[in-house]
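Novice: To start, I am sharing the structure in question, which I have written as structure tokens.
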Amino acid sequence: MQRWRQSFLLGLLAITIVIAALEYYIDNIPKLQMAQGQWVVHTHEVLNHLELLSEQLNRAEALAAGRATREEEDIRQSLKTIETLTQDNPNQQARLSTLHPMIETRLGRAMHPHSSRSAEQNKAESDAIAQSIEIMRGEENHLLEERLARWHKALLQTRVIFIGGSAFVYLLLLFLYLIVQKEARARERLLSLEKDAAALHKTMTDRLSEVIAILQEIVHQRLHLDKAMQVITERTQAITHASGAVVEMLEGDEMVYRAASGTMKPFIGLRIKAKGSLSGLCVATENILRCDDSESDERVDKLACRKVGLRSMIVVPLIQQNQPVGVLKVTSAQPNSFTTEDVGTLQLMAGMLSATLRDAVATDTLSKDNARLVSDKVLLETLATSDGMTGLKNHLYFQERLTEECLRAQRYNNALCVVMIDVDYFKPFNDAFGHPAGDEVLKQVATLLKNCARPSDCVARYGGEEFVIILPQTPLEGALRTAERMRQAVKNATWPHRAITISIGISGLENGVTMPATLIEQADKALYESKICGRDKISLFSKKAL
């Protein structure tokens with residue numbers, strides 16, 4: 001909206017400039033051209049009358065005495081016209097004041113030819129008159145040159161102003177067009193990013209559900225090592241859309257294919273050298289490794305890759321008792337088949353898969369210990385849904401639980417609120433007292449929040465120093481009371497280094513939302529409002545306040 005307002009103002013400014021320029025051009029430029037042109041015409045008119053005066057004098061000289069009466073009237077009329085036309089020129093007026101008596105005198109002698117003056121004197125008078133007229137003609141020619149120059153200059157100025165103004169208007173319109181185009185591209189890019197973000201969020205949510213389902217199935221299949229590994233390969237292949245998956249176990253200096261699915265299934269029992277292979281490097285570094293093209297990756301065993309028909313893969317280390325014992329590998333016959341999201345998905349599963357293999361091996365030796373199985377199931381589910389530091393539910397569990405609670409609340413028309421909490425000035429605390437002290441603060445805050453919540457509430461660590469709480473069947477007023485208890489509990493607690501406070505933002509289904517992501521976004525906005533208002537505050541997101 002702000003960019004559209006700017007574009008509108010720029011367009012209005014351009015139109016104003018164009019109108020002003022046209023008005024100036026219409027009002028001044030033609031007047032300037034006409035004024036200079038009139039002076040040129042005026043000068044030509046003076047020259048024409050001077051020429052006519054000379055011809056009239058010559059004719060008067062040639063006529064006999066008493067026959068120049070008509071010419072005498074024309075000469076006087078021409079003198080009067082020249083005097084009128086040269087009123088703006090003092091030099092010409094001065095010359096006329098001398099020339100006029102000379103012509104009158106000469107006309108008088110022409111009308112009375114019996115004068116005592118000689119022919120030489122008459123000729124001298126005529127020459128003096130002709131010389132004066134010639135001088136006036138020269139003056140007018142000089143003025144004509146100057147006025148012609150000014151006229152041509154005015155014409156040039158008109159062309160320059162017209163061309164320059166047209167160029168300016170063109171460039172201005174081009175500039176406005178480019179701004180509008182750039183804004184349109186920016187809007188399209190923003191829309192594309194929003195769509196990509198929404199698609200990514202949906203993909204990660206779907207994958208989270210798949211991971212939970214896989215882990216639940218693995219828990220039920222942990223009675224037998226081979227069966228557990230088979231489930232791992234099949235479900236991991238499906239979630240990453242790979243063409244094959246394999247569990248390779250380290251035996252001496254070799255990697256042995258122990259379980260496989262898809263295109264890797266025919267190669268169960270295959271042995272490859274650990275050294276010089278990507279699987280061996282994964283075991284040695286205990287890091288997840290990704291190969292986009294085995295033909296150009298120097299880390300892989302190219303011959304082994306060609307033998308099993310793979311071009312790209314992701315390799316995940318499997319750890320037992322702090323020691324790498326093998327790898328889980330997903331493969332594809334095509335290069336560049338796996339994405340960063342696939343790596344993240346396998347990374348999320350890596351710890352759980354290692355624990356499953358460890359427990360499956362233990363199950364082979366302990367056999368039917370039902371109590372241990374129940375305990376391990378609870379442990380596995382806890383590992384999958386809990387934050388390792390604070391003991392609260394983790395971000396992934398929170399997202400799934402919020403989706404369930406939203407659906408339940410909408411189905412039964414119940415209230416539901418989300419509370420987002422941030423520890424105030426946590427980064428400066430870490431910088432001042434160290435990360436171990438910061439971790440202790442997070443653990444203590446987590447305990448206080450848990451103690452203030454109901455058993456039916458979901459208290460989770462959202463990430464970093466942020467916590468989030470789901471309050472089922474709770475309106476905004478009730479959420480506000482719960483949040484106040486939590487804020488007071490943290491503020492009044494005993495802290496080893498300095499006082500700790502929290503900022504809180506609250507949102508609820510009462511605002512008319514239906515999507516979990518919108519609830520989180522509203523709570524985050526309310527949390528930001530608490531921060532900018534000085535922290536140690538609680539803010540409600542409500543449409544009534546908008």
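Every chain in the structure tokens takes a letter, A first, then B, and so on in the order presented; its residues are numbered from 1, and the ligands are numbered from 1 following the presented order.
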Write out as a list in words the residues lying within 8 Å of Leu47 in chain A, counting only C-alpha atoms and excluding same-chain residues fewer than 3 positions away.
Specialist: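 The neighbour list is Thr43, His44, Leu50, Glu51, Arg137, Glu140 and Asn141 of chain A.
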Novice: So that I can check the surroundings of Gly276 in chain A, please list as a PyMOL selection string every protein, DNA and RNA residue that reaches within 8 Å of it, counting only C-alpha atoms and ignoring chain neighbours fewer than 5 positions away.
Specialist: chain A and resi 281+299-301
Novice: Would you save the residues from that selection as a PDB file, in the first residue's frame, using N, CA, C and O atoms?
Specialist:
```pdb
ATOM      1  N   LEU A 281      33.409 -43.065   5.755  1.00  0.00           N
ATOM      2  CA  LEU A 281      33.690 -41.702   6.192  1.00  0.00           C
ATOM      3  C   LEU A 281      32.628 -41.234   7.189  1.00  0.00           C
ATOM      4  O   LEU A 281      32.939 -40.530   8.157  1.00  0.00           O
ATOM      5  N   ARG A 299      34.692 -38.462  -2.463  1.00  0.00           N
ATOM      6  CA  ARG A 299      34.621 -39.180  -1.187  1.00  0.00           C
ATOM      7  C   ARG A 299      34.074 -40.597  -1.344  1.00  0.00           C
ATOM      8  O   ARG A 299      34.179 -41.408  -0.421  1.00  0.00           O
ATOM      9  N   VAL A 300      33.448 -40.910  -2.466  1.00  0.00           N
ATOM     10  CA  VAL A 300      32.719 -42.171  -2.596  1.00  0.00           C
ATOM     11  C   VAL A 300      33.546 -43.226  -3.314  1.00  0.00           C
ATOM     12  O   VAL A 300      34.538 -42.933  -4.011  1.00  0.00           O
ATOM     13  N   ASP A 301      33.128 -44.477  -3.138  1.00  0.00           N
ATOM     14  CA  ASP A 301      33.684 -45.609  -3.882  1.00  0.00           C
ATOM     15  C   ASP A 301      32.877 -45.736  -5.166  1.00  0.00           C
ATOM     16  O   ASP A 301      31.773 -46.295  -5.186  1.00  0.00           O
TER      17      ASP A 301
END
```
Novice: Rank A:Asn430, A:Ser192, A:Ser386, A:Ser337 by their smallest atom-to-atom distance to Val459 in chain A, using only C-alpha atoms, and report the top residue only.
Specialist: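 Closest to Val459 in chain A of all the choices is A:Ser386.
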Novice: Looking only at alpha helix (DSSP H) from DSSP on the backbone, list the matching residues of range 242-295 of chain A as a PyMOL selection string.
Specialist: chain A and resi 278-285
Novice: Could you jot down the CA of Glu73 in chain A to CA of Arg59 in chain A separation for me, Å, one decimal place?
Specialist: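 Value for the CA of Glu73 in chain A-CA of Arg59 in chain A distance: 12.5 Å.
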Novice: What separation in Å, quoted to one decimal, exists between CA of Leu155 in chain A and CA of Pro90 in chain A?
Specialist: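 Rounded to one decimal, the two atoms are 28.5 Å apart.
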Novice: Report, in Å to a single decimal, how far apart CA of Met389 in chain A and CA of Cys458 in chain A are.
Specialist: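 Rounded to one decimal, the two atoms are 16.8 Å apart.
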Novice: Write out as a PyMOL selection string each polymer residue whose atoms come within 10 Å of Glu440 in chain A, counting only C-alpha atoms; drop sequence neighbours fewer than 4 positions from it.
Specialist: chain A and resi 389-390+435-436+444-446+495-496
Novice: Take the residues just selected and output them with all heavy atoms as a PDB file, in the first residue's frame.
Specialist:
```
ATOM      1  N   MET A 389      17.107 -30.478  27.390  1.00  0.00           N
ATOM      2  CA  MET A 389      17.629 -29.645  28.475  1.00  0.00           C
ATOM      3  C   MET A 389      16.589 -29.401  29.551  1.00  0.00           C
ATOM      4  O   MET A 389      16.845 -29.606  30.747  1.00  0.00           O
ATOM      5  CB  MET A 389      18.121 -28.301  27.924  1.00  0.00           C
ATOM      6  CG  MET A 389      18.641 -27.373  29.010  1.00  0.00           C
ATOM      7  SD  MET A 389      18.865 -25.698  28.410  1.00  0.00           S
ATOM      8  CE  MET A 389      20.076 -25.959  27.131  1.00  0.00           C
ATOM      9  N   THR A 390      15.389 -28.946  29.165  1.00  0.00           N
ATOM     10  CA  THR A 390      14.404 -28.494  30.150  1.00  0.00           C
ATOM     11  C   THR A 390      13.450 -29.589  30.581  1.00  0.00           C
ATOM     12  O   THR A 390      12.794 -29.468  31.610  1.00  0.00           O
ATOM     13  CB  THR A 390      13.591 -27.337  29.569  1.00  0.00           C
ATOM     14  OG1 THR A 390      12.863 -27.804  28.425  1.00  0.00           O
ATOM     15  CG2 THR A 390      14.500 -26.187  29.146  1.00  0.00           C
ATOM     16  N   HIS A 435      27.201 -19.547  29.053  1.00  0.00           N
ATOM     17  CA  HIS A 435      26.095 -20.392  28.608  1.00  0.00           C
ATOM     18  C   HIS A 435      25.643 -21.410  29.654  1.00  0.00           C
ATOM     19  O   HIS A 435      24.440 -21.682  29.750  1.00  0.00           O
ATOM     20  CB  HIS A 435      26.477 -21.101  27.310  1.00  0.00           C
ATOM     21  CG  HIS A 435      26.519 -20.174  26.137  1.00  0.00           C
ATOM     22  ND1 HIS A 435      25.394 -19.797  25.440  1.00  0.00           N
ATOM     23  CD2 HIS A 435      27.560 -19.518  25.563  1.00  0.00           C
ATOM     24  CE1 HIS A 435      25.724 -18.965  24.481  1.00  0.00           C
ATOM     25  NE2 HIS A 435      27.036 -18.775  24.526  1.00  0.00           N
ATOM     26  N   PRO A 436      26.546 -21.987  30.464  1.00  0.00           N
ATOM     27  CA  PRO A 436      26.048 -22.902  31.507  1.00  0.00           C
ATOM     28  C   PRO A 436      25.074 -22.216  32.460  1.00  0.00           C
ATOM     29  O   PRO A 436      24.058 -22.795  32.832  1.00  0.00           O
ATOM     30  CB  PRO A 436      27.336 -23.341  32.218  1.00  0.00           C
ATOM     31  CG  PRO A 436      28.395 -23.226  31.180  1.00  0.00           C
ATOM     32  CD  PRO A 436      28.025 -22.021  30.382  1.00  0.00           C
ATOM     33  N   GLN A 444      15.270 -23.581  35.208  1.00  0.00           N
ATOM     34  CA  GLN A 444      14.470 -23.089  36.335  1.00  0.00           C
ATOM     35  C   GLN A 444      13.174 -22.441  35.841  1.00  0.00           C
ATOM     36  O   GLN A 444      12.109 -22.629  36.425  1.00  0.00           O
ATOM     37  CB  GLN A 444      15.280 -22.107  37.187  1.00  0.00           C
ATOM     38  CG  GLN A 444      14.571 -21.691  38.469  1.00  0.00           C
ATOM     39  CD  GLN A 444      15.455 -20.868  39.381  1.00  0.00           C
ATOM     40  OE1 GLN A 444      16.667 -20.784  39.183  1.00  0.00           O
ATOM     41  NE2 GLN A 444      14.851 -20.244  40.380  1.00  0.00           N
ATOM     42  N   VAL A 445      13.267 -21.650  34.760  1.00  0.00           N
ATOM     43  CA  VAL A 445      12.064 -21.051  34.182  1.00  0.00           C
ATOM     44  C   VAL A 445      11.086 -22.141  33.738  1.00  0.00           C
ATOM     45  O   VAL A 445       9.874 -22.052  33.965  1.00  0.00           O
ATOM     46  CB  VAL A 445      12.429 -20.130  32.999  1.00  0.00           C
ATOM     47  CG1 VAL A 445      11.171 -19.714  32.236  1.00  0.00           C
ATOM     48  CG2 VAL A 445      13.175 -18.898  33.481  1.00  0.00           C
ATOM     49  N   ALA A 446      11.612 -23.205  33.113  1.00  0.00           N
ATOM     50  CA  ALA A 446      10.763 -24.309  32.662  1.00  0.00           C
ATOM     51  C   ALA A 446      10.027 -24.939  33.838  1.00  0.00           C
ATOM     52  O   ALA A 446       8.823 -25.236  33.767  1.00  0.00           O
ATOM     53  CB  ALA A 446      11.598 -25.351  31.934  1.00  0.00           C
ATOM     54  N   TRP A 495      17.225 -16.000  42.053  1.00  0.00           N
ATOM     55  CA  TRP A 495      18.137 -16.254  40.935  1.00  0.00           C
ATOM     56  C   TRP A 495      19.571 -16.004  41.391  1.00  0.00           C
ATOM     57  O   TRP A 495      19.838 -15.059  42.134  1.00  0.00           O
ATOM     58  CB  TRP A 495      17.794 -15.357  39.743  1.00  0.00           C
ATOM     59  CG  TRP A 495      16.391 -15.527  39.281  1.00  0.00           C
ATOM     60  CD1 TRP A 495      15.309 -14.784  39.610  1.00  0.00           C
ATOM     61  CD2 TRP A 495      15.917 -16.563  38.425  1.00  0.00           C
ATOM     62  NE1 TRP A 495      14.178 -15.248  39.008  1.00  0.00           N
ATOM     63  CE2 TRP A 495      14.512 -16.364  38.270  1.00  0.00           C
ATOM     64  CE3 TRP A 495      16.502 -17.645  37.782  1.00  0.00           C
ATOM     65  CZ2 TRP A 495      13.727 -17.194  37.497  1.00  0.00           C
ATOM     66  CZ3 TRP A 495      15.708 -18.465  37.000  1.00  0.00           C
ATOM     67  CH2 TRP A 495      14.334 -18.248  36.860  1.00  0.00           C
ATOM     68  N   PRO A 496      20.523 -16.819  40.938  1.00  0.00           N
ATOM     69  CA  PRO A 496      21.898 -16.725  41.468  1.00  0.00           C
ATOM     70  C   PRO A 496      22.677 -15.502  41.002  1.00  0.00           C
ATOM     71  O   PRO A 496      23.551 -15.024  41.718  1.00  0.00           O
ATOM     72  CB  PRO A 496      22.553 -18.010  40.962  1.00  0.00           C
ATOM     73  CG  PRO A 496      21.751 -18.403  39.760  1.00  0.00           C
ATOM     74  CD  PRO A 496      20.347 -17.971  40.043  1.00  0.00           C
TER      75      PRO A 496
END
```
Novice: Residues within 9 Å of Gln237 in chain A, please, as a PyMOL selection string. Count only C-alpha atoms; anything in the same chain fewer than 4 positions from it doesn't count.
Specialist: chain A and resi 232-233+241-246+261-262+330-331
Novice: Using DSSP assignments from the backbone, pull out every residue in range 248-437 of chain A that falls under strand (DSSP E) and give it to me as JSON, numbers by chain.
Specialist: {"A": [248, 249, 250, 251, 254, 255, 256, 257, 258, 259, 260, 261, 262, 271, 272, 273, 289, 290, 291, 312, 313, 314, 315, 316, 317, 318, 319, 320, 323, 324, 325, 326, 327, 328, 329, 330, 331, 332, 416, 417, 418, 419, 420, 421, 422, 423]}
Novice: For a quick check of understanding, using only C-alpha atoms, which of A:Ala499, A:Ala479, A:Leu156, A:Ala493 has the smallest distance to Leu540 in chain A?
Specialist: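 The answer is A:Ala479, which sits nearest to Leu540 in chain A.
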